[in-house]
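See below for the structure under consideration.
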Amino acid sequence: MKLKCNQFLAGCFILLLFFISACSDKKITDPIIPSSEFSPYISAYTGGIISKNTPIQIEFTQTPSGVELYKNIKVNPFKISPKIKGETHWINANTLEFIPTENLKSGEIYTVDFNLSQFISVPKELSTFTFSFQVIEQLFSLFVDPIQVTTEATDKVKITGTLTFSDSEEIDDIESIISAHLLPNKKPISVKVVNTNANTYLFSLSDIIRKENEQKVELL
């Protein structure tokens, strides 16, 4: 992506390069839809396309016996593939929740085998409730604002822009993958990232010295 500054900025030239993985070679897989035979026992479950920090839930039509709210269940009823670690507890009288220890992998398709017979009496063929879901693929869009020169510091320019992600992202992770340099000597430029709302972040590069000759800034 190349943006040319206006004449007022003395020929400053900005080259922005982002190397953030935003594609996947995963095969498209049809979701696993549970049989309607489970409807007398389960009223809702986590399915479809979800955020990577979403817990996995099962909602029963009736309250199973022995429910203890917010107490971790020793024998985990969730068998998830690919395998993920986490804890399971009741969040209300009818809803069981599995909270992964780490965020789910972006773009991944997970299959869940839930041991239904661990909580209620069901026919043998319904002892395992199987379903699937997919995590949102992490994509992003980049917008760079017009380069700024303030009256307080006319010998310097400031570059700002916006990064919008398709799913949630920790600001520390974004800061760790963004770096800026002044070419050709690779002189580091400080990058500041601020979370504005939801999955949108503002970034800024300040105190770039203006020169008569053309300059390039590399943002990785």
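A note on labels: chains of the structure tokens are A, B, ... as shown, every chain counts residues from 1, and ligands are counted from 1 in their shown order.
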
Inset, instruction - Identify, on the basis of only C-alpha atoms, every residue whose closest approach to range 202-211 of chain A does not exceed 10 Å; exclude the query and any residue fewer than 2 positions from it along the same chain; express the result as a PyMOL selection string. - result: chain A and resi 9-12+142-145+148-149+153-164+174-175+178-182+189-197+200+213-215+217+219

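For the set A:Ala198, A:Pro146, A:Asn185, A:Thr46, the residue with the smallest atom-to-atom gap to Glu170 in chain A is A:Ala198, counting only C-alpha atoms.
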
Legend entry - Contacts of range 94-97 of chain A within 10 Å, only C-alpha atoms, excl. fewer than 5 positions in-chain, as a list in words: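 Close residues of range 94-97 of chain A: Ile42, Ser43, Ala44, Tyr45, Thr46, Pro55, Ile56, Gln57, Ile58, Glu59, Phe60, Thr61, Gln62, Thr63, Pro64, Val67, Leu69, Tyr70, Asn72, Ile73, Pro77, Phe78, Glu87, Thr88 and His89 of chain A.
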
Inset, instruction - Can you pull out every residue within 10 Å of Lys105 in chain A, counting only C-alpha atoms, but drop anything in the same chain fewer than 2 positions away, and send it as a ChimeraX atom specification? - result: /A:51-53,82,84,102-103,107-110,134-138

Inset, instruction - Go through range 45-188 of chain A and collect every residue that DSSP, computed from the backbone, puts in helix (DSSP H, G or I); the answer should be as a ChimeraX atom specification. - result: /A:116-118,124-126,171-177
